[in-house]
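Input: a single structure, listed below in structure tokens.
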Amino acid sequence: PVTGLLLACALRAGGWPVLLKWPNDLVLSLPEGPRKLAGILLEERGGVLTPDGLDEALVQLLDAAPDANPMIDVGAWRLTRYRQRAYLIRPFTTPTAPIAFEFSPEQLTLDFPDWGGRLRFNPIANGGLRQVALTGGLTLRPRQGGESLPQNGVNKTLKNLLQEAGMPPYRRERLPLIYQNDTLLAAPGAGINTELLAAEPDVGYVPVWLPYDGY
């Protein structure tokens, strides 16, 4: 049913008057009455979805204002929308306390189960964070609001960097920030502190956040 719901949403966004008829039929909503468009063979895993719940979720998603980012509970999942794309996500509780870790060039991928993902440091020449910035006092922290990152001589707010990166709001909330002591080093996928870049011939490291759920 979730796949059918998302497909119906995508078709509606493209101008098709499509609705989901429980449990797996896509129908055209026409003046002369509904007409079946297609059927979907599905296997439901995790959570219980009801016809009323799906209908309500579809209505809320499609009726929300164009600039809104609705978050709708659908069984054990949540349905949201960003820039006219629908996302089906699992509920997640962001850690509130800093999590300390150590960087090593010999182990560039680190697991953080509490954050639901992995942090990978990609080595690059003439760029990325210099190694001294990754030596000691490293923590992952949640956003508190008001953070900024130096970007080529200008401090840019983290809020603007995340928006420029096109990161959906739900992912921004789940994104850990990398600190050395009280200095913000990076928001993976949005920006790194350009005052701490490596210069030739040194190797630098670009942090990449890899959620376990892949989205």
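Chain lettering (A, B, ...) mirrors the order of the structure tokens, residue numbering begins at 1 for each chain separately, and ligand numbering begins at 1 in order of display.
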
Show which residues sit within 6 Å of A:Ser148, as an MDAnalysis selection string. Count only C-alpha atoms, and ignore same-chain residues fewer than 5 positions away. chainID A and resid 156:158

So that I can check the secondary structure, give me every residue of stretch 22-206 of chain A assigned strand (DSSP E or B) by backbone DSSP, as number ranges by chain. A: 25-30, 33-39, 71-74, 77-82, 85-89, 99-101, 104, 107, 109-112, 117-125, 129, 138-141, 148-151, 154-157, 177-180, 183-187, 191-192, 197, 203-206

Which of these, A:Ile72, A:Gln144, A:Leu61, A:Thr80, has the shortest distance to A:Tyr170 once you count only C-alpha atoms?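 Using only C-alpha atoms, A:Tyr170 sits closest to A:Thr80.
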
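Compared by their closest atoms to A:Asp213, and using only C-alpha atoms, the residues A:Gly117, A:Gly75, A:Pro150, A:Pro123 rank with A:Gly117 nearest.
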
Identify, on the basis of only C-alpha atoms, every residue whose closest approach to stretch 195-197 of chain A does not exceed 8 Å; exclude the query and any residue fewer than 3 positions from it along the same chain; express the result as a PyMOL selection string. chain A and resi 127-130+133+150-153+185+204

Between atom CA of A:Leu162 and atom CA of A:Ala190, what is the distance in Å, rounded to a tenth?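 These atoms are spaced 5.4 Å apart.
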
Can you list, as an MDAnalysis selection string, every protein, DNA or RNA residue that comes within 12 Å of A:Tyr205 when you count only C-alpha atoms, leaving out same-chain residues fewer than 5 positions away? chainID A and resid 103:105 108:109 119:134 185:186 188 192:193 196:199

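Distances from A:Thr135, A:Arg85, A:Asp63, A:Trp115 to A:Gln180 were compared using only C-alpha atoms, and the smallest one belongs to A:Thr135.
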
Which is closer to A:Arg81 than all the others in A:Gly145, A:Asn160, A:Glu56, A:Pro168, using only C-alpha atoms?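 Closest to A:Arg81 of all the choices is A:Pro168.
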
One number please: atom CA of A:Ile178 to atom CA of A:Pro201, in Å, one decimal. 24.4 Å

Counting only C-alpha atoms, the residue of A:Pro207, A:Gly137, A:Gly191, A:Pro176 that sits nearest A:Pro95: A:Pro176

May I have the residues within 12 Å of A:Pro113 as a PyMOL selection string, using only C-alpha atoms and disregarding those fewer than 3 positions away in the same chain? chain A and resi 92-95+99+110+116-119+210-213

Shell around A:Leu177 at 9 Å using only C-alpha atoms, local window under 3 positions removed, as an mmCIF file with C-alpha atoms, in the first residue's frame:
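So selection39.cif came out as:
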data_model
loop_
_atom_site.group_PDB
_atom_site.id
_atom_site.type_symbol
_atom_site.label_atom_id
_atom_site.label_comp_id
_atom_site.auth_asym_id
_atom_site.auth_seq_id
_atom_site.Cartn_x
_atom_site.Cartn_y
_atom_site.Cartn_z
ATOM 1 C CA THR A 139 32.492 14.958 18.726
ATOM 2 C CA LEU A 140 29.267 14.505 16.845
ATOM 3 C CA ARG A 141 26.554 16.889 18.008
ATOM 4 C CA PRO A 142 22.971 17.715 17.050
ATOM 5 C CA ARG A 143 21.963 21.090 15.657
ATOM 6 C CA LEU A 184 32.363 23.508 14.074
ATOM 7 C CA LEU A 185 34.327 21.594 11.441
ATOM 8 C CA ALA A 186 31.616 20.401 9.099
ATOM 9 C CA ALA A 187 28.010 19.645 8.364
ATOM 10 C CA PRO A 188 28.456 16.627 6.075
#
